[in-house]
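Chemist: Data: structure39.txt, compact mmCIF, C-alpha atoms.
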# COMPACT_ATOMS: atom_id res chain seq x y z
CA MET R 1 56.02 69.13 81.99
CA SER R 2 58.41 66.25 81.34
CA ASP R 3 56.04 64.80 78.72
CA GLN R 4 56.20 68.13 76.97
CA LEU R 5 59.95 67.90 76.90
CA LYS R 6 59.88 64.35 75.55
CA LYS R 7 57.63 65.47 72.73
CA ILE R 8 59.96 68.30 71.95
CA ALA R 9 62.95 65.99 72.02
CA GLN R 10 61.56 63.01 70.14
CA GLU R 11 59.23 64.62 67.67
CA GLN R 12 60.71 68.10 67.50
CA ASP R 13 57.13 69.09 68.34
CA ALA R 14 56.79 72.81 67.70
CA GLY R 15 53.42 73.00 69.44
CA ALA R 16 54.82 71.59 72.69
CA PHE R 17 57.75 73.91 72.41
CA ARG R 18 55.50 76.88 71.83
CA GLN R 19 53.67 76.04 75.04
CA LEU R 20 56.93 75.81 76.93
CA PHE R 21 58.09 79.05 75.39
CA LEU R 22 54.89 80.79 76.45
CA THR R 23 55.21 79.47 80.00
CA PHE R 24 58.86 80.20 80.65
CA GLY R 25 59.92 82.87 78.15
CA PRO R 26 58.03 85.66 79.95
CA LYS R 27 59.21 84.45 83.36
CA VAL R 28 62.83 84.48 82.29
CA ARG R 29 62.31 87.92 80.80
CA ALA R 30 60.74 89.21 84.02
CA MET R 31 63.57 87.76 86.11
CA LEU R 32 66.25 89.34 83.93
CA MET R 33 64.57 92.72 84.10
CA ARG R 34 64.47 92.42 87.88
CA GLN R 35 68.20 91.74 87.68
CA GLY R 36 68.73 95.03 85.90
CA ALA R 37 68.72 94.02 82.23
CA ASP R 38 66.92 96.44 79.90
CA SER R 39 63.78 95.18 78.21
CA GLU R 40 65.49 94.45 74.89
CA THR R 41 68.41 92.52 76.40
CA ALA R 42 66.03 90.61 78.67
CA GLU R 43 63.96 89.59 75.67
CA GLU R 44 67.00 88.57 73.68
CA ILE R 45 68.38 86.42 76.50
CA ALA R 46 64.97 84.88 77.19
CA GLN R 47 64.70 83.89 73.52
CA GLU R 48 68.17 82.51 73.40
CA THR R 49 67.57 80.53 76.58
CA MET R 50 64.53 78.90 75.04
CA LEU R 51 66.44 78.28 71.82
CA ALA R 52 69.08 76.40 73.81
CA ILE R 53 66.31 74.26 75.36
CA TRP R 54 65.01 73.49 71.88
CA ARG R 55 68.43 72.53 70.58
CA LYS R 56 69.45 70.47 73.60
CA SER R 57 66.09 68.92 74.35
CA HIS R 58 67.35 65.38 73.61
CA LEU R 59 70.01 65.77 76.32
CA PHE R 60 67.49 67.11 78.80
CA ALA R 61 65.06 64.29 78.15
CA GLU R 62 67.80 61.69 78.72
CA SER R 63 69.12 63.18 81.89
CA ARG R 64 65.77 63.18 83.74
CA GLY R 65 66.68 66.48 85.37
CA ASN R 66 64.49 69.42 86.17
CA MET R 67 63.55 71.71 83.33
CA ALA R 68 62.97 74.88 85.30
CA SER R 69 66.41 74.63 86.86
CA TRP R 70 68.00 74.12 83.42
CA ILE R 71 66.21 77.12 82.10
CA TYR R 72 67.43 79.12 85.09
CA THR R 73 71.03 77.94 84.61
CA ILE R 74 71.10 78.73 80.90
CA ALA R 75 69.67 82.22 81.51
CA ARG R 76 72.17 82.76 84.34
CA ASN R 77 75.10 81.86 82.07
CA LEU R 78 73.87 84.11 79.28
CA ARG R 79 73.50 86.96 81.75
CA THR R 80 77.03 86.34 83.06
CA ASP R 81 78.35 86.54 79.52
CA ARG R 82 76.26 89.39 78.07
CA VAL R 83 75.34 91.61 80.98
CA ARG R 84 78.15 91.09 83.47
CA ARG R 85 80.72 90.43 80.74
CA GLN R 86 82.39 87.69 82.75
CA VAL R 87 83.70 84.23 81.95
CA VAL R 88 81.20 81.37 81.85
CA TRP R 89 83.43 78.71 83.37
CA GLN R 90 81.22 75.78 82.62
CA ASN R 91 78.73 76.10 79.85
CA PHE R 92 75.42 74.49 80.50
CA CYS R 93 76.29 71.14 78.96
CA GLU R 94 79.52 70.81 80.89
CA GLU R 95 77.79 71.51 84.15
CA PHE R 96 75.17 69.03 83.10
CA GLU R 97 77.79 66.36 82.31
CA VAL R 98 79.13 66.72 85.81
CA LEU R 99 75.78 66.86 87.52
CA GLN R 100 74.25 63.90 85.73
CA PRO R 101 76.42 60.81 86.16
CA PRO R 102 75.94 58.48 83.16
CA GLU R 103 75.44 55.46 85.43
CA ALA R 104 72.22 56.92 86.89
CA PRO R 105 69.95 54.01 87.88
CA PRO R 106 66.52 53.61 86.22
CA ASP R 107 64.59 54.66 89.33
CA GLU R 108 66.56 57.90 89.35
CA TRP R 109 63.66 59.76 87.79
CA LEU R 110 61.43 58.99 90.76
CA ALA R 111 64.20 59.92 93.19
CA ARG R 112 64.68 63.23 91.39
CA GLU R 113 60.97 64.00 91.51
CA GLN R 114 60.94 63.25 95.22
CA GLU R 115 63.99 65.37 95.73
CA ARG R 116 62.28 68.26 93.97
CA ALA R 117 59.14 67.85 96.06
CA ARG R 118 61.18 67.83 99.26
CA VAL R 119 63.16 70.87 98.26
CA GLY R 120 59.83 72.58 97.55
CA GLN R 121 58.52 71.67 101.00
CA ALA R 122 61.70 72.83 102.68
CA LEU R 123 61.56 76.10 100.77
CA ALA R 124 57.98 76.65 101.90
CA GLY R 125 59.01 75.98 105.49
CA LEU R 126 61.89 78.48 105.60
CA PRO R 127 61.58 81.46 107.94
CA ALA R 128 60.69 84.64 106.03
CA GLU R 129 64.08 86.25 106.68
CA GLN R 130 65.92 83.29 105.08
CA LEU R 131 63.53 83.00 102.14
CA GLN R 132 63.94 86.70 101.45
CA ILE R 133 67.70 86.30 101.14
CA ILE R 134 67.30 83.33 98.80
CA GLN R 135 64.87 85.31 96.66
CA LEU R 136 67.20 88.31 96.46
CA SER R 137 70.04 86.01 95.61
CA PHE R 138 68.46 83.84 92.90
CA MET R 139 65.75 86.04 91.43
CA ASP R 140 67.19 89.53 91.87
CA GLY R 141 70.71 88.29 91.16
CA LEU R 142 72.26 90.27 94.02
CA THR R 143 75.66 89.56 95.53
CA GLN R 144 75.99 88.92 99.26
CA ALA R 145 77.31 92.46 99.74
CA GLN R 146 74.42 93.94 97.75
CA ILE R 147 71.91 91.98 99.84
CA ALA R 148 73.59 93.21 103.02
CA GLY R 149 73.36 96.79 101.73
CA LYS R 150 69.74 96.48 100.66
CA LEU R 151 68.57 94.97 103.95
CA ASN R 152 70.92 97.06 106.05
CA LEU R 153 72.46 93.95 107.63
CA PRO R 154 76.07 93.00 108.33
CA LEU R 155 77.58 90.77 105.62
CA GLY R 156 78.11 88.04 108.22
CA THR R 157 74.38 87.91 108.92
CA VAL R 158 73.60 87.45 105.23
CA LYS R 159 76.13 84.62 105.04
CA SER R 160 74.82 82.92 108.16
CA ARG R 161 71.20 83.11 106.96
CA MET R 162 72.29 81.58 103.66
CA ARG R 163 74.04 78.79 105.54
CA LEU R 164 71.03 78.14 107.77
CA ALA R 165 68.69 78.03 104.78
CA TYR R 166 71.07 75.74 102.96
CA SER R 167 71.32 73.28 105.84
CA LYS R 168 67.53 73.06 106.02
CA LEU R 169 67.29 72.41 102.29
CA ARG R 170 70.00 69.85 102.57
CA GLY R 171 68.45 68.15 105.60
CA SER R 172 65.18 67.86 103.74
CA VAL R 173 66.64 65.75 100.95
CA GLU R 174 69.25 63.78 102.86
CA GLY R 175 66.90 60.79 103.20
CA SER R 176 66.27 60.60 99.48
CA LEU R 177 69.90 60.50 98.38
CA MET C 1 90.67 61.38 96.02
CA THR C 2 89.00 62.12 99.33
CA ILE C 3 88.02 65.75 99.49
CA ARG C 4 87.70 67.06 103.03
CA HIS C 5 87.51 70.81 102.60
CA HIS C 6 84.74 72.35 100.50
CA PRO C 7 83.59 75.87 99.64
CA GLN C 8 81.21 77.32 102.26
CA PRO C 9 77.49 76.81 101.56
CA ASP C 10 76.95 80.55 101.06
CA THR C 11 79.75 80.51 98.47
CA LEU C 12 78.04 77.64 96.61
CA MET C 13 74.73 79.46 96.81
CA SER C 14 76.23 82.60 95.28
CA TYR C 15 77.88 80.45 92.62
CA ALA C 16 74.51 78.90 91.76
CA SER C 17 72.89 82.33 91.48
CA GLY C 18 75.73 83.68 89.31
CA ALA C 19 76.65 86.39 91.83
CA LEU C 20 80.28 85.51 92.61
CA PRO C 21 83.16 87.62 91.27
CA GLY C 22 84.44 85.90 88.11
CA ALA C 23 87.72 84.72 89.65
CA ILE C 24 86.01 83.09 92.63
CA ALA C 25 83.41 81.49 90.35
CA GLY C 26 86.27 80.02 88.30
CA LEU C 27 87.78 78.32 91.32
CA VAL C 28 84.40 77.00 92.48
CA ALA C 29 83.76 75.62 88.96
CA CYS C 30 87.15 73.83 89.16
CA HIS C 31 86.24 72.28 92.51
CA VAL C 32 82.73 71.28 91.47
CA SER C 33 84.15 69.62 88.35
CA ILE C 34 85.87 67.02 90.57
CA CYS C 35 83.68 67.00 93.71
CA PRO C 36 80.49 64.89 93.50
CA GLN C 37 79.30 66.19 96.88
CA CYS C 38 79.37 69.85 95.80
CA ALA C 39 77.97 68.91 92.38
CA GLY C 40 75.00 67.39 94.25
CA SER C 41 74.61 70.52 96.36
CA LEU C 42 74.63 72.59 93.21
CA ARG C 43 71.92 70.42 91.69
CA ARG C 44 69.71 70.99 94.75
CA LEU C 45 70.37 74.72 94.63
CA GLY C 46 69.39 74.54 90.95
CA LEU C 47 66.08 73.00 92.02
CA VAL C 48 65.53 75.92 94.38
CA ALA C 49 66.26 78.37 91.57
CA GLY C 50 63.90 76.48 89.24
CA LEU C 51 61.09 76.50 91.81
CA LEU C 52 61.49 80.23 92.34
CA LEU C 53 61.57 80.84 88.60
CA GLU C 54 58.29 78.96 88.19
CA ARG C 55 56.70 81.40 90.63
CA VAL C 56 57.86 84.58 88.90
CA ALA C 57 55.03 86.73 87.56
CA PRO C 58 55.60 86.76 83.79
CA GLU C 59 56.52 89.83 81.84
CA ALA C 60 54.16 88.98 79.03
CA TYR C 61 54.40 89.28 75.32
CA GLY C 62 51.79 88.47 72.71
CA ASP C 63 50.90 85.08 71.26
CA ASP C 64 52.06 86.14 67.83
CA TYR C 65 55.45 86.74 69.35
CA ALA C 66 55.73 83.09 70.41
CA ARG C 67 54.76 81.91 66.91
CA ARG C 68 57.44 84.05 65.32
CA ALA C 69 59.92 82.92 67.94
CA VAL C 70 59.23 79.26 67.16
CA HIS C 71 59.85 79.99 63.51
CA ARG C 72 63.15 81.60 64.42
CA MET C 73 64.03 78.54 66.49
CA HIS C 74 63.62 76.31 63.44
CA VAL C 75 65.84 78.56 61.37
CA ALA C 76 68.45 78.90 64.08
CA ALA C 77 68.44 75.16 64.84
CA ALA C 78 69.02 74.36 61.18
CA ALA C 79 71.88 76.86 61.04
CA ALA C 80 73.42 75.45 64.21
CA ALA C 81 73.23 71.90 62.87
CA MET C 82 75.16 72.97 59.78
CA ALA C 83 77.79 74.99 61.63
CA GLN C 84 81.03 73.17 62.33
CA LYS C 85 81.42 72.44 66.00
CA LYS C 86 84.74 73.54 67.40
CA PRO C 87 86.18 70.61 69.35
CA LYS C 88 86.66 71.32 73.04
CA TYR C 89 90.21 71.57 74.29
CA GLN C 90 91.41 68.37 75.92
CA PRO C 91 94.37 68.87 78.25
CA SER C 92 97.20 66.34 77.96
CA ASP C 93 97.49 65.88 81.74
CA ARG C 94 95.16 66.17 84.71
CA VAL C 95 96.91 68.90 86.69
CA LEU C 96 94.48 71.67 85.79
CA PRO C 97 90.76 71.05 86.32
CA ILE C 98 88.78 71.10 83.07
CA PRO C 99 87.14 74.55 83.45
CA LEU C 100 90.51 76.29 83.90
CA ALA C 101 92.35 74.11 81.35
CA ARG C 102 89.69 74.96 78.75
CA TYR C 103 89.72 78.65 79.59
CA LEU C 104 93.52 78.80 79.25
CA GLY C 105 93.76 76.28 76.43
CA MET C 106 96.64 74.85 78.41
CA SER C 107 97.71 71.65 80.17
CA GLY C 108 99.60 71.53 83.46
CA SER C 109 102.93 70.96 81.69
CA ASP C 110 102.42 74.09 79.55
CA ILE C 111 102.11 76.57 82.41
CA PRO C 112 104.74 79.30 81.87
CA TRP C 113 105.82 79.55 85.51
CA GLN C 114 107.54 82.72 86.61
CA SER C 115 109.89 82.67 89.55
CA VAL C 116 108.92 84.96 92.45
CA VAL C 117 111.42 84.04 95.14
CA LYS C 118 113.50 80.89 95.56
CA GLY C 119 111.14 77.93 95.72
CA VAL C 120 108.04 79.85 94.67
CA GLN C 121 106.71 80.23 91.16
CA GLN C 122 103.47 81.65 89.93
CA TYR C 123 101.39 82.31 86.86
CA TRP C 124 98.72 84.99 86.61
CA VAL C 125 95.57 84.10 84.72
CA THR C 126 94.26 86.94 82.55
CA LEU C 127 90.62 87.65 83.37
CA PRO C 128 88.07 90.23 82.24
CA LYS C 129 87.99 93.53 84.11
CA GLY C 130 86.19 93.37 87.43
CA ALA C 131 86.60 89.60 87.83
CA GLY C 132 89.20 89.72 90.62
CA GLU C 133 92.38 87.67 90.35
CA ILE C 134 93.33 84.06 89.72
CA ARG C 135 96.88 82.89 89.98
CA LEU C 136 98.51 79.51 89.99
CA VAL C 137 101.17 79.13 92.64
CA ARG C 138 103.79 76.42 92.81
CA ALA C 139 105.81 76.14 96.02
CA ALA C 140 108.66 73.74 96.80
CA PRO C 141 108.60 71.36 99.79
CA ARG C 142 108.82 73.05 103.22
CA ILE C 143 108.29 76.53 101.78
CA ARG C 144 106.36 78.81 104.09
CA LEU C 145 104.45 81.65 102.46
CA LEU C 146 104.19 85.11 103.99
CA ALA C 147 101.52 85.60 106.62
CA HIS C 148 98.56 87.42 105.16
CA SER C 149 94.87 88.06 105.53
CA HIS C 150 92.39 88.90 102.80
CA ARG C 151 90.29 91.81 101.66
CA GLY C 152 87.11 90.29 100.40
CA MET C 153 86.83 86.64 99.44
CA GLU C 154 89.82 84.45 98.77
CA LEU C 155 89.63 80.76 97.92
CA THR C 156 92.51 78.34 97.43
CA MET C 157 92.25 74.97 95.74
CA VAL C 158 95.05 72.41 95.93
CA LEU C 159 95.92 70.67 92.65
CA ARG C 160 99.11 68.82 93.61
CA GLY C 161 100.93 68.22 96.88
CA SER C 162 99.65 69.59 100.17
CA TYR C 163 99.96 72.49 102.60
CA ARG C 164 98.98 73.22 106.14
CA ASP C 165 97.92 76.36 107.98
CA LYS C 166 96.19 76.92 111.29
CA THR C 167 92.83 75.94 109.77
CA GLY C 168 93.98 72.46 108.72
CA GLU C 169 95.83 70.45 106.10
CA TYR C 170 94.79 70.73 102.46
CA HIS C 171 95.23 68.01 99.82
CA PRO C 172 94.38 67.81 96.10
CA GLY C 173 90.76 68.85 95.48
CA ASP C 174 90.42 70.58 98.86
CA VAL C 175 89.27 74.18 98.96
CA SER C 176 90.09 76.69 101.65
CA ASP C 177 87.30 79.28 101.80
CA LEU C 178 88.48 81.76 104.42
CA GLY C 179 86.80 84.96 105.46
CA GLU C 180 88.44 88.35 105.59
CA ASP C 181 89.20 88.15 109.26
CA ILE C 182 91.49 85.11 109.19
CA GLU C 183 95.23 85.59 108.90
CA HIS C 184 97.14 82.54 107.80
CA GLN C 185 100.60 81.41 106.81
CA PRO C 186 100.48 78.31 104.62
CA LYS C 187 103.39 75.86 104.72
CA VAL C 188 104.01 73.14 102.13
CA THR C 189 103.85 69.71 103.77
CA SER C 190 104.22 67.39 100.74
CA PRO C 191 107.54 65.87 99.63
CA GLU C 192 106.80 67.21 96.12
CA ASP C 193 105.89 70.73 94.96
CA CYS C 194 102.51 72.03 96.03
CA ILE C 195 100.48 73.55 93.18
CA CYS C 196 97.41 75.63 94.02
CA ILE C 197 94.86 77.85 92.36
CA ILE C 198 94.30 81.02 94.36
CA ALA C 199 91.30 83.16 93.50
CA SER C 200 90.73 86.47 95.19
CA GLU C 201 88.30 89.30 94.99
CA LYS C 202 91.07 91.78 95.86
CA PRO C 203 94.83 91.44 96.43
CA PRO C 204 95.82 89.93 99.81
CA ARG C 205 97.00 92.02 102.74
CA TYR C 206 100.41 91.11 104.12
CA SER C 207 101.10 91.40 107.81
CA HIS C 208 104.77 92.29 107.62
CA PHE C 209 105.50 95.88 106.61
CA LEU C 210 108.45 94.82 104.42
CA ALA C 211 106.22 92.42 102.53
CA ARG C 212 103.74 95.26 102.09
CA LEU C 213 106.55 97.36 100.64
CA VAL C 214 107.70 94.79 98.12
CA GLN C 215 104.26 93.37 97.33
CA PRO C 216 103.64 95.66 94.35
CA PHE C 217 107.02 94.71 92.88
CA MET C 218 106.85 91.01 93.48
CA GLY C 219 103.22 90.79 92.50
CA PHE C 220 102.88 88.27 95.25
How would this structure read if it were set down as structure tokens?

Modeler:
Amino acid sequence: MSDQLKKIAQEQDAGAFRQLFLTFGPKVRAMLMRQGADSETAEEIAQETMLAIWRKSHLFAESRGNMASWIYTIARNLRTDRVRRQVVWQNFCEEFEVLQPPEAPPDEWLAREQERARVGQALAGLPAEQLQIIQLSFMDGLTQAQIAGKLNLPLGTVKSRMRLAYSKLRGSVEGSL
Amino acid sequence: MTIRHHPQPDTLMSYASGALPGAIAGLVACHVSICPQCAGSLRRLGLVAGLLLERVAPEAYGDDYARRAVHRMHVAAAAAAMAQKKPKYQPSDRVLPIPLARYLGMSGSDIPWQSVVKGVQQYWVTLPKGAGEIRLVRAAPRIRLLAHSHRGMELTMVLRGSYRDKTGEYHPGDVSDLGEDIEHQPKVTSPEDCICIIASEKPPRYSHFLARLVQPFMGF
């Protein structure tokens, strides 16, 4: 996946981009529709998300970050702006400036890959009730109160499950930081 | 700057998923912009979001669609390269964190403070409908604010000076992320003015009936 991004960045390789577009475009579209966007808006935002990846690919390649999480963040910001009509406080690149310190050491890439693998393991090991809340939060785009309503749980229980899940995710990567 | 008080993990998680009310998200963005620890947490939450996104069953469209989309990308990229980039606002001082300074197009010294009572000034930030409220509050040394609890979320971030309430002492960069159930009465502890950002989902609830009476008039 990262090679694909390098090709896109260095050679402006339309074929590699097309592949990326085919992989992620429909996923972003599906996610946005789950979050209540109509089919047309979802398609528009999915396209624009991928366009941003195309335009900023040189930054992504340099920062050694994770592409799927960028794609998620860009789509989230576009949804905040277009669907929820709220302020995007940090556009993607600003968030990225903060998250990626320029003095990142050369072995950072490996560390990031390990971090991703550990987060993946931790996610797989979460109890079903915590994973469900994370899913509803990130993929369905629900607020804490909406999750509480949907699952018929007190708000405090939703918060505490989020905190428990978070501490497990955090514990899983502590060693690699 | 040593930051000791951070937003709660569930607040960060809702920030990462884009589910916070706009005002609260604004305050969290301000904190994250100066807090490496929370920026790291946000990166890990981004990894979670990315992993979940990879697993989503696609809502497919045809191959021809992708080809046309790539063509559009070329056109749009060329147009974007030609368009003049508007330079980002750079505040002249470091009082306001970058996300808020850019939103307001204002530096700390430009804030048009309005006096509320002796020793307390504030400035309301205009936000889109449904975002909740953000205000900047500036309180003189030893000022004690009215006791209040909150309806919904309320977060406070200290920009200058310090204050104390029963949950602890808060210095620049610190965030107080209190639940609805906690009543508190902040008191300024710094020798200079204490400047804070207060973001709330709904207006606060004052304990004293007189304060409740004047609240709508003072906007405080």

Chemist: What are the nearest atom pairs, with distances in Å to one decimal, for all residues of chain R that come at most 8 Å from chain C, using only C-alpha atoms, set out by chain and rising residue number as a tab-separated table?

Modeler:
residue	atom	partner	partner_atom	distance
R:Ala14	CA	C:Val70	CA	6.9
R:Phe17	CA	C:Val70	CA	7.6
R:Arg18	CA	C:Ala66	CA	6.4
R:Phe21	CA	C:Ala66	CA	6.8
R:Leu22	CA	C:Ala66	CA	6.5
R:Phe24	CA	C:Glu54	CA	7.7
R:Pro26	CA	C:Pro58	CA	4.7
R:Lys27	CA	C:Pro58	CA	4.3
R:Val28	CA	C:Leu53	CA	7.4
R:Arg29	CA	C:Glu59	CA	6.2
R:Ala30	CA	C:Glu59	CA	4.8
R:Met31	CA	C:Val56	CA	7.1
R:Gln47	CA	C:Ala69	CA	7.4
R:Leu51	CA	C:Met73	CA	5.9
R:Trp54	CA	C:Met73	CA	7.5
R:Arg55	CA	C:Ala77	CA	6.3
R:Asn66	CA	C:Leu47	CA	7.0
R:Met67	CA	C:Gly50	CA	7.6
R:Ala68	CA	C:Gly50	CA	4.4
R:Ser69	CA	C:Gly50	CA	3.9
R:Trp70	CA	C:Gly50	CA	7.5
R:Ile71	CA	C:Gly50	CA	7.5
R:Tyr72	CA	C:Gly50	CA	6.1
R:Thr73	CA	C:Gly46	CA	7.4
R:Arg76	CA	C:Gly18	CA	6.2
R:Asn77	CA	C:Gly18	CA	7.5
R:Thr80	CA	C:Gly18	CA	6.9
R:Arg85	CA	C:Pro128	CA	7.5
R:Gln86	CA	C:Gly22	CA	6.0
R:Val87	CA	C:Gly22	CA	6.4
R:Trp89	CA	C:Pro99	CA	5.6
R:Gln90	CA	C:Pro99	CA	6.1
R:Glu95	CA	C:Ser33	CA	7.9
R:Val98	CA	C:Ser33	CA	6.3
R:Leu99	CA	C:Ala39	CA	5.7
R:Arg116	CA	C:Leu47	CA	6.4
R:Val119	CA	C:Val48	CA	6.8
R:Gly120	CA	C:Leu51	CA	7.1
R:Leu123	CA	C:Val48	CA	7.5
R:Gln135	CA	C:Leu52	CA	7.5
R:Ser137	CA	C:Ser17	CA	6.2
R:Phe138	CA	C:Ser17	CA	4.9
R:Met139	CA	C:Leu53	CA	7.2
R:Gly141	CA	C:Ala19	CA	6.3
R:Leu142	CA	C:Ala19	CA	6.3
R:Thr143	CA	C:Ala19	CA	5.0
R:Gln144	CA	C:Ser14	CA	7.5
R:Lys159	CA	C:Asp10	CA	5.8
R:Ser160	CA	C:Asp10	CA	7.8
R:Met162	CA	C:Asp10	CA	5.4
R:Arg163	CA	C:Asp10	CA	5.6
R:Tyr166	CA	C:Pro9	CA	6.7
R:Arg170	CA	C:Ser41	CA	7.8

Chemist: Could you jot down the CA of Lys202 in chain C to CA of His148 in chain C separation for me, Å, one decimal place?

Modeler: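 Taking CA of Lys202 in chain C as the start and CA of His148 in chain C as the end point, the length is 12.7 Å.
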
Chemist: When you draw a straight line from CA of His171 in chain C to CA of Lys88 in chain C, how long is it in Å?

Modeler: 28.3 Å

Chemist: I'd like the interatomic distance between CA of Ser107 in chain C and CA of Ile195 in chain C, to a tenth of an Å.

Modeler: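 The value is 13.4 Å.
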
Chemist: Find the residue from C:Ser92, C:Thr2, C:Gln37, C:Gln185 that sits nearest to Asp165 in chain C; use all atoms listed in the file when measuring.

Modeler: C:Gln185

Chemist: Given the point (97.9, 82.4, 113.6) in the file's coordinates, find the residues that have an atom at most 12 Å from it, counting all atoms listed in the file, and give them as a list in words.

Modeler: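 Residues lying no farther than 12 Å from the given point: Leu146, Ala147, His148, Ser149, Arg164, Asp165, Lys166, Thr167, Gly168, Asp181, Ile182, Glu183, His184, Gln185, Pro186 and Ser207 of chain C.
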
Chemist: From the options C:Val175, C:Asp193, C:Met1, C:Leu145, which residue's atoms come nearest to Arg160 in chain C, counting all atoms listed in the file?

Modeler: C:Asp193

Chemist: Take every atom of range 175-193 of chain C listed in the file, fit an axis-aligned box around them, add 6 Å per side, and give the centre and edge lengths in Å to one decimal as lines of an AutoDock Vina configuration file.

Modeler:
center_x = 97.2
center_y = 77.1
center_z = 102.1
size_x = 32.7
size_y = 34.5
size_z = 26.3

Chemist: Neighbours of Gln114 in chain C within 12 Å (only C-alpha atoms; same-chain residues fewer than 3 positions away dropped), as a list in words?

Modeler: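 Here the qualifying residues turn out to be Ile111, Val117, Lys118, Gly119, Val120, Gln121, Gln122, Tyr123, Trp124, Arg135, Leu136, Val137, Arg138, Ala139, Met218, Gly219 and Phe220 of chain C.
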
Chemist: Filtering to C-alpha atoms, could you give me those residues as a short mmCIF file (atom, residue, chain, number, x, y, z; two decimals), in the coordinates of the input?

Modeler:
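Output file result.cif follows:
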data_model
loop_
_atom_site.label_atom_id
_atom_site.label_comp_id
_atom_site.auth_asym_id
_atom_site.auth_seq_id
_atom_site.Cartn_x
_atom_site.Cartn_y
_atom_site.Cartn_z
CA ILE C 111 102.11 76.57 82.41
CA VAL C 117 111.42 84.04 95.14
CA LYS C 118 113.50 80.89 95.56
CA GLY C 119 111.14 77.93 95.72
CA VAL C 120 108.04 79.85 94.67
CA GLN C 121 106.71 80.23 91.16
CA GLN C 122 103.47 81.65 89.93
CA TYR C 123 101.39 82.31 86.86
CA TRP C 124 98.72 84.99 86.61
CA ARG C 135 96.88 82.89 89.98
CA LEU C 136 98.51 79.51 89.99
CA VAL C 137 101.17 79.13 92.64
CA ARG C 138 103.79 76.42 92.81
CA ALA C 139 105.81 76.14 96.02
CA MET C 218 106.85 91.01 93.48
CA GLY C 219 103.22 90.79 92.50
CA PHE C 220 102.88 88.27 95.25
#
